[in-house]
Amino acid sequence: MIKRIEEIIKKAVGEDAVFTVEVPPDQKMGDYMTNVALRVASTLKKSPEEAAREIAEKIIKADKGKMFSDVSVAGPGFINFFVNPKFFYEELSEMLRMGDEYGGSDEGNGKKVRIEYVSANPTGPIHIGNLRGGPIGETLARVFEKSGFKVLREYVHNDAGTQVEKLGETLWYWYEKLRGNEASFPDGGYRGDYGKEVAEAVAEALGPNLEKSQISEIIAFGLNHIFEENKETLKRIGITFDKIVSESNLISSGATEEVVSEMKSLNVTKERDGALWFVPNDEFLSDRESVIVRSSGQPTYFASDIAYHKEKFTSGYDLVFDIFGSNHHGHAPKLQALTKLFGFNPQNFIVLLYQYVRIKRGDEAVTMSKRAGTYVTAKEVLDEVGPDNVIFFLLMHSLTTHIDFDLDLAKKKSLENPVYYVQYAYVRAKRILEESGMEPMVSDLSLLNTQPELALIKKLSNFPEVVSMVCKTYEVHRITHYATELAREFHSFYEKTRVLVDDKDLSMARLNLVRSVVIVLANTLNLIGVSKPESM
RNA sequence: CUCCCCGUAGUUCAAUGGAUAGAACAACUCCCUUCUAAGGAGUAGAUGUAGGUUCGAUUCCUACCGGGGAGACCA
């Protein structure tokens with residue numbers, strides 16, 4: 001619908017005009033609005049209102065009342081459109097015809113996208129901060145798929161480096177304790193109960209008689225154990241990956257070493273204090289120099305990351321996404337600098353940084369440090385409030401927002417959470433369909449002419465536009481907001497309008513409207529991975 | 001010290017530089033003989049401070065105040 005209106009406006013003001021068509025804040029204002037007059041007023045040397053009037057007249061003349069039942073100028077120069085209901089009825093039959101395909105498009109045209117997300121360190125269980133990246137990446141992946149892109153979901157298993165050695169020392173400590181030996185907790189070791197749990201698993205699997213010289217076996221087992229648990233946690237919110245890259249593989253396959261020598265020949269490195277540094281040849285990044293090979297000859301994590309990103313950039317994909325926590329913001333520009341090095345368009349490499357989730361219990365903040373072991377694991381949160389709550393909550397907020405997640409409150413209010421509001425709308429709608437006992441059939445949709453009916457149809461019609469918007473802006477929180485709005489519109493309709501009435505034709509038309517609600521709500525919930533309950 | 005993000009109702013969050021700053025929860029008032037009241041209709045309530053840019057600023061710029069994060073031969 002928006003695209004059609006844009007075409008009409010372009011005919012009136014010119015192809016290269018920059019403007020937007022949106023749904024106005026209040027339905028009373030119109031079905032759609034445009035700011036085109038405000039945007040072009042200064043170049044036309046006219047007041048916005050004057051420009052708006054002229055453009056509106058042109059549109060009215062060209063349209064001859066076909067698409068719009070009303071075009072008006074309002075406020076400081078907005079042009080508001082009321083669309084002929086006929087077009088909304090057409091959209092409604094489109095929903096009924098397409099079912100779960102509704103909202104999809106071929107916008108992506110088969111383009112290939114790869115998205116890296118979560119990539120939690122295997123030195124401990126995933127915490128709620130790591131988890132935020134999950135629904136973000138997954139929802140984005142689904143939105144792209146729905147829009148005709150081919151998507152690769154990927155994850156980095158960070159199983160090398162000093163952190164892993166620290167994990168080994170921590171596990172050794174617990175292992176010794178378990179078999180009754182004296183041991184002191186290692187410097188910089190990982191606090192938290194899971195160290196003990198993992199050590200117990202080690203003892204069970206490998207026996208209690210390992211020597212310190214066999215610590216690499218403990219580490220390998222521990223890493224895998226934690227990794228498997230983390231994958232299990234992610235599965236609970238519907239996340240699995242197509243491709244998992246491990247740092248140790250990058251090193252052992254020689255990919256890391258290879259990329260280091262390539263960096264040297266590209267003249268973007270220098271030696272200092274016996275170590276090899278990456279020196280981006282970009283003046284804005286002069287303070288981003290960082291070590292890729294230590295003076296000991298060991299490559300850093302960053303070296304492996306370069307190797308990995310080289311693969312990303314040269315794999316023939318059209319768009320590459322990295323979704324990280326905000327603590328990586330210093331890392332992002334360095335990765336950006338790599339695009340040019342490997343001949344990838346920087347505009348097609350998108351790093352999305354999300355802010356951390358602060359966990360509170362009542363007024364008390366819970367700090368999120370793996371090292372100190374004072375954090376709340378994703379598993380605990382999932383156990384306490386359930387996957388639907390967690391997903392919906394994490395997706396309600398824009399990426400740049402710091403989220404406060406009060407566990408006590410979440411538990412207490414779990415029945416009043418917005419996710420239930422949406423799910424309840426779905427259940428109500430389904431129930432009406434069951435109650436009717438009627439098979440779906442074609443009906444005269446133009447019987448749906450009351451205000452609540454039309455408002456609901458209009459809200460439903462916005463769904464493809466929301467999907468398309470997320471595809472362009474990556475603002476996944478739009479989807480949960482849309483879900484809430486649609487649910488509200490339906491609940492309101494439900495109170496005012498009885499669906500199963502004596503008039504058979506009207507009943508059938510309304511049933512078709514309710515069927516559309518079920519379709520669109522289901523499509524929305526599917527995008528974010530929230531379940532669709534049959535009853536509540 | 002430098003850099004990044006944030007500061008909006010009592011609370012958690014929305015708002016490409018635009019219309020009367022929106023929801024939800026909490027509070028208050030009403031509404032169940034009819035498809036699930038986990039709902040609906042209504043009332044009250046907010047842009048950290050001080051400047052600047054302009055027709056117009058929650059949004060952009062500057063300073064300050066407050067919170068979170070980053071800056072290692074860590075990852």
# chains A, B, ... in the order shown; residues from 1 in each chain; ligands from 1

call {"tool": "residues_around", "arguments": {"residues": "Phe241 of chain A", "least_positions_apart": "6", "cutoff": "10 Å", "atoms": "only C-alpha atoms (C1' of nucleotides)", "output": "PDB file with C-alpha atoms, in the first residue's frame"}}
result
ATOM      1  CA  ILE A 115      24.601 -13.287  10.437  1.00  0.00           C
ATOM      2  CA  GLU A 116      26.878 -13.978  13.354  1.00  0.00           C
ATOM      3  CA  TYR A 117      25.270 -13.711  16.756  1.00  0.00           C
ATOM      4  CA  GLU A 138      17.332 -14.956  14.994  1.00  0.00           C
ATOM      5  CA  LEU A 152      23.409 -18.284   7.012  1.00  0.00           C
ATOM      6  CA  ARG A 153      23.321 -18.278  10.814  1.00  0.00           C
ATOM      7  CA  GLU A 154      26.767 -18.504  12.331  1.00  0.00           C
ATOM      8  CA  TYR A 155      28.441 -18.638  15.710  1.00  0.00           C
ATOM      9  CA  LYS A 231      23.658 -24.728  22.701  1.00  0.00           C
ATOM     10  CA  LEU A 234      19.811 -21.420  22.943  1.00  0.00           C
ATOM     11  CA  LYS A 235      17.658 -24.213  21.589  1.00  0.00           C
TER      12      LYS A 235
END

call {"tool": "select_by_dssp", "arguments": {"residues": "segment 127-159 of chain A", "states": "helix (DSSP H, G or I)", "output": "ChimeraX atom specification"}}
result
/A:128-146

call {"tool": "write_last_selection", "arguments": {"atoms": "C-alpha atoms", "output": "PDB file, in the first residue's frame"}}
result
ATOM      1  CA  ILE A 128      21.281 -12.884  30.033  1.00  0.00           C
ATOM      2  CA  GLY A 129      23.538 -10.252  28.434  1.00  0.00           C
ATOM      3  CA  ASN A 130      24.824 -12.739  25.859  1.00  0.00           C
ATOM      4  CA  LEU A 131      21.329 -13.973  25.337  1.00  0.00           C
ATOM      5  CA  ARG A 132      20.023 -10.641  24.112  1.00  0.00           C
ATOM      6  CA  GLY A 133      21.881 -11.139  20.865  1.00  0.00           C
ATOM      7  CA  GLY A 134      20.004 -14.388  20.304  1.00  0.00           C
ATOM      8  CA  PRO A 135      16.469 -13.226  19.588  1.00  0.00           C
ATOM      9  CA  ILE A 136      17.869 -10.184  17.786  1.00  0.00           C
ATOM     10  CA  GLY A 137      19.924 -12.254  15.373  1.00  0.00           C
ATOM     11  CA  GLU A 138      17.332 -14.956  14.994  1.00  0.00           C
ATOM     12  CA  THR A 139      14.499 -12.539  14.315  1.00  0.00           C
ATOM     13  CA  LEU A 140      16.587 -10.646  11.827  1.00  0.00           C
ATOM     14  CA  ALA A 141      17.398 -13.927  10.107  1.00  0.00           C
ATOM     15  CA  ARG A 142      13.725 -14.823   9.880  1.00  0.00           C
ATOM     16  CA  VAL A 143      12.759 -11.400   8.604  1.00  0.00           C
ATOM     17  CA  PHE A 144      15.375 -11.668   5.880  1.00  0.00           C
ATOM     18  CA  GLU A 145      14.221 -15.137   4.949  1.00  0.00           C
ATOM     19  CA  LYS A 146      10.648 -13.967   4.733  1.00  0.00           C
TER      20      LYS A 146
END

call {"tool": "residues_around", "arguments": {"residues": "Glu228 of chain A", "least_positions_apart": "6", "cutoff": "10 Å", "atoms": "only C-alpha atoms (C1' of nucleotides)", "output": "PyMOL selection string"}}
result
chain A and resi 122+125+222+234

call {"tool": "write_last_selection", "arguments": {"atoms": "N, CA and C atoms", "output": "PDB file, in the first residue's frame"}}
result
ATOM      1  N   PRO A 122      33.051 -19.795  25.726  1.00  0.00           N
ATOM      2  CA  PRO A 122      32.720 -21.077  26.371  1.00  0.00           C
ATOM      3  C   PRO A 122      33.381 -21.222  27.730  1.00  0.00           C
ATOM      4  N   PRO A 125      28.547 -20.538  31.487  1.00  0.00           N
ATOM      5  CA  PRO A 125      27.201 -20.559  30.914  1.00  0.00           C
ATOM      6  C   PRO A 125      26.833 -19.201  30.312  1.00  0.00           C
ATOM      7  N   GLY A 222      35.931 -29.818  29.271  1.00  0.00           N
ATOM      8  CA  GLY A 222      35.186 -28.722  29.891  1.00  0.00           C
ATOM      9  C   GLY A 222      34.599 -27.775  28.855  1.00  0.00           C
ATOM     10  N   LEU A 234      20.252 -22.179  24.116  1.00  0.00           N
ATOM     11  CA  LEU A 234      19.811 -21.420  22.943  1.00  0.00           C
ATOM     12  C   LEU A 234      18.665 -22.127  22.229  1.00  0.00           C
TER      13      LEU A 234
END

call {"tool": "closest_atom_pairs", "arguments": {"of": "chain A", "to": "chain B", "cutoff": "8 Å", "atoms": "only C-alpha atoms (C1' of nucleotides)", "output": "Markdown table"}}
result
| residue | atom | partner | partner_atom | distance |
| --- | --- | --- | --- | --- |
| A:Thr20 | CA | B:U16 | C1' | 7.8 |
| A:Ala74 | CA | B:A19 | C1' | 7.4 |
| A:Gly75 | CA | B:A19 | C1' | 5.0 |
| A:Pro76 | CA | B:A19 | C1' | 7.1 |
| A:Gly161 | CA | B:A75 | C1' | 7.8 |
| A:Thr162 | CA | B:C74 | C1' | 7.3 |
| A:Gln163 | CA | B:A75 | C1' | 7.1 |
| A:Ala275 | CA | B:C73 | C1' | 6.7 |
| A:Val291 | CA | B:C73 | C1' | 6.5 |
| A:Val293 | CA | B:C73 | C1' | 7.7 |
| A:Arg294 | CA | B:C73 | C1' | 4.9 |
| A:Ser295 | CA | B:C73 | C1' | 6.5 |
| A:Tyr301 | CA | B:A75 | C1' | 6.6 |
| A:Ser326 | CA | B:G69 | C1' | 6.6 |
| A:Asn327 | CA | B:G69 | C1' | 5.6 |
| A:His328 | CA | B:A70 | C1' | 7.3 |
| A:His329 | CA | B:C4 | C1' | 6.5 |
| A:Gly330 | CA | B:A70 | C1' | 6.1 |
| A:Gln355 | CA | B:C5 | C1' | 7.0 |
| A:Met396 | CA | B:C13 | C1' | 7.6 |
| A:His397 | CA | B:C13 | C1' | 6.6 |
| A:Thr400 | CA | B:C5 | C1' | 6.3 |
| A:Thr401 | CA | B:C6 | C1' | 6.4 |
| A:His402 | CA | B:C6 | C1' | 6.5 |
| A:Asp404 | CA | B:U12 | C1' | 7.5 |
| A:Leu415 | CA | B:A38 | C1' | 6.5 |
| A:Glu416 | CA | B:A38 | C1' | 7.0 |
| A:Asn417 | CA | B:C25 | C1' | 7.9 |
| A:Pro418 | CA | B:A24 | C1' | 6.7 |
| A:Tyr420 | CA | B:A38 | C1' | 6.8 |
| A:Tyr421 | CA | B:A38 | C1' | 7.0 |
| A:Tyr424 | CA | B:A38 | C1' | 6.8 |
| A:Arg428 | CA | B:U36 | C1' | 6.6 |
| A:Arg431 | CA | B:C35 | C1' | 7.0 |
| A:Ile432 | CA | B:C35 | C1' | 4.8 |
| A:Glu435 | CA | B:C35 | C1' | 6.4 |
| A:Ser436 | CA | B:C35 | C1' | 7.9 |
| A:His491 | CA | B:G39 | C1' | 6.7 |
| A:Ser492 | CA | B:G40 | C1' | 6.3 |
| A:Glu495 | CA | B:G40 | C1' | 5.8 |
| A:Arg498 | CA | B:C35 | C1' | 7.2 |
| A:Val499 | CA | B:C35 | C1' | 6.8 |
| A:Leu500 | CA | B:C35 | C1' | 6.6 |
| A:Met536 | CA | B:A38 | C1' | 7.5 |

call {"tool": "write_last_selection", "arguments": {"atoms": "C-alpha atoms", "output": "compact mmCIF listing (two decimals), in the first residue's frame"}}
result
# COMPACT_ATOMS: atom_id res chain seq x y z
CA THR A 20 8.31 9.22 3.65
CA ALA A 74 -3.08 19.29 8.13
CA GLY A 75 -0.78 20.58 10.82
CA PRO A 76 2.39 22.25 9.60
CA GLY A 161 43.58 -18.19 24.18
CA THR A 162 44.43 -17.19 27.70
CA GLN A 163 40.81 -17.22 28.91
CA ALA A 275 55.20 -8.19 18.44
CA VAL A 291 48.59 -6.82 18.30
CA VAL A 293 51.06 -11.85 16.95
CA ARG A 294 52.57 -11.69 20.41
CA SER A 295 56.31 -11.50 20.88
CA TYR A 301 42.32 -13.82 19.09
CA SER A 326 28.18 -3.10 23.36
CA ASN A 327 31.45 -4.04 25.01
CA HIS A 328 32.73 -4.81 21.51
CA HIS A 329 32.33 -1.28 20.29
CA GLY A 330 36.08 -0.81 20.20
CA GLN A 355 23.48 -2.58 25.08
CA MET A 396 10.68 -5.07 23.02
CA HIS A 397 13.53 -2.63 23.20
CA THR A 400 20.66 1.12 21.95
CA THR A 401 18.56 0.89 25.08
CA HIS A 402 19.99 -0.42 28.30
CA ASP A 404 16.66 -3.33 33.23
CA LEU A 415 0.71 -13.04 33.94
CA GLU A 416 0.50 -9.38 33.05
CA ASN A 417 3.39 -9.38 30.66
CA PRO A 418 2.70 -7.98 27.16
CA TYR A 420 0.36 -12.78 27.30
CA TYR A 421 -1.64 -9.87 26.01
CA TYR A 424 -4.44 -14.05 24.54
CA ARG A 428 -9.53 -15.55 21.59
CA ARG A 431 -11.68 -19.81 19.86
CA ILE A 432 -14.18 -17.93 17.75
CA GLU A 435 -16.96 -22.03 18.03
CA SER A 436 -18.36 -21.19 14.62
CA HIS A 491 -9.31 -6.95 21.79
CA SER A 492 -11.06 -3.67 21.21
CA GLU A 495 -15.57 -6.13 22.86
CA ARG A 498 -20.05 -9.92 17.98
CA VAL A 499 -18.76 -12.20 15.26
CA LEU A 500 -21.27 -15.04 15.31
CA MET A 536 -4.77 -19.97 28.22

call {"tool": "closest_residue", "arguments": {"among": "A:Leu353, A:Val419, A:Ala255, A:Ile79", "to": "Ile306 of chain A", "atoms": "only C-alpha atoms"}}
result
A:Ala255

call {"tool": "closest_residue", "arguments": {"among": "A:Phe87, A:Glu217, A:Thr256, A:Leu319", "to": "Lys150 of chain A", "atoms": "only C-alpha atoms"}}
result
A:Leu319

call {"tool": "closest_residue", "arguments": {"among": "A:Phe342, A:Phe393, A:Phe185, A:Tyr474", "to": "Ala307 of chain A", "atoms": "only C-alpha atoms"}}
result
A:Phe342

call {"tool": "residues_around", "arguments": {"residues": "segment 506-522 of chain A", "least_positions_apart": "4", "cutoff": "8 Å", "atoms": "only C-alpha atoms (C1' of nucleotides)", "output": "ChimeraX atom specification"}}
result
/A:92,95-96,99-100,102,426,429-430,432-433,440-441,443-445,447-448,457,460,463,483,486-487,490,499-502,526,532

call {"tool": "write_last_selection", "arguments": {"atoms": "C-alpha atoms", "output": "JSON list (two decimals), in the first residue's frame"}}
result
[["chain", "number", "residue", "atom", "x", "y", "z"],
["A", 92, "LEU", "CA", -7.79, -8.67, 3.39],
["A", 95, "MET", "CA", -4.12, -12.29, 3.69],
["A", 96, "LEU", "CA", -6.67, -15.05, 3.48],
["A", 99, "GLY", "CA", -1.85, -17.47, 4.91],
["A", 100, "ASP", "CA", 1.56, -17.92, 6.49],
["A", 102, "TYR", "CA", 1.50, -13.16, 4.03],
["A", 426, "TYR", "CA", -4.49, -15.17, 19.40],
["A", 429, "ALA", "CA", -9.48, -15.38, 17.82],
["A", 430, "LYS", "CA", -8.86, -19.10, 17.46],
["A", 432, "ILE", "CA", -14.18, -17.93, 17.75],
["A", 433, "LEU", "CA", -13.21, -19.93, 14.69],
["A", 440, "PRO", "CA", -13.72, -21.00, 5.62],
["A", 441, "MET", "CA", -15.36, -19.72, 2.48],
["A", 443, "SER", "CA", -17.62, -13.89, 1.49],
["A", 444, "ASP", "CA", -18.53, -10.33, 0.79],
["A", 445, "LEU", "CA", -15.88, -8.48, 2.77],
["A", 447, "LEU", "CA", -19.93, -5.88, 4.81],
["A", 448, "LEU", "CA", -17.13, -5.06, 7.23],
["A", 457, "ILE", "CA", -8.28, -4.38, 8.78],
["A", 460, "LEU", "CA", -3.56, -6.00, 9.69],
["A", 463, "PHE", "CA", 2.13, -6.13, 8.63],
["A", 483, "ALA", "CA", 2.20, -7.40, 17.76],
["A", 486, "LEU", "CA", -2.54, -5.55, 16.60],
["A", 487, "ALA", "CA", -3.58, -7.39, 19.75],
["A", 490, "PHE", "CA", -8.36, -7.01, 18.10],
["A", 499, "VAL", "CA", -18.76, -12.20, 15.26],
["A", 500, "LEU", "CA", -21.27, -15.04, 15.31],
["A", 501, "VAL", "CA", -24.57, -13.36, 14.56],
["A", 502, "ASP", "CA", -27.82, -14.38, 12.91],
["A", 526, "ASN", "CA", 6.65, -16.91, 14.25],
["A", 532, "LYS", "CA", 1.17, -19.76, 19.83]]

call {"tool": "residues_around", "arguments": {"residues": "U58 of chain B", "least_positions_apart": "4", "cutoff": "8 Å", "atoms": "only C-alpha atoms (C1' of nucleotides)", "output": "VMD selection string"}}
result
chain B and resid 8 21 47

call {"tool": "write_last_selection", "arguments": {"atoms": "C-alpha atoms (C1' of nucleotides)", "output": "CSV table (one decimal), in the first residue's frame"}}
result
chain,number,residue,atom,x,y,z
B,8,U,C1',11.1,10.5,28.6
B,21,A,C1',5.3,13.1,23.2
B,47,U,C1',11.2,14.7,27.8
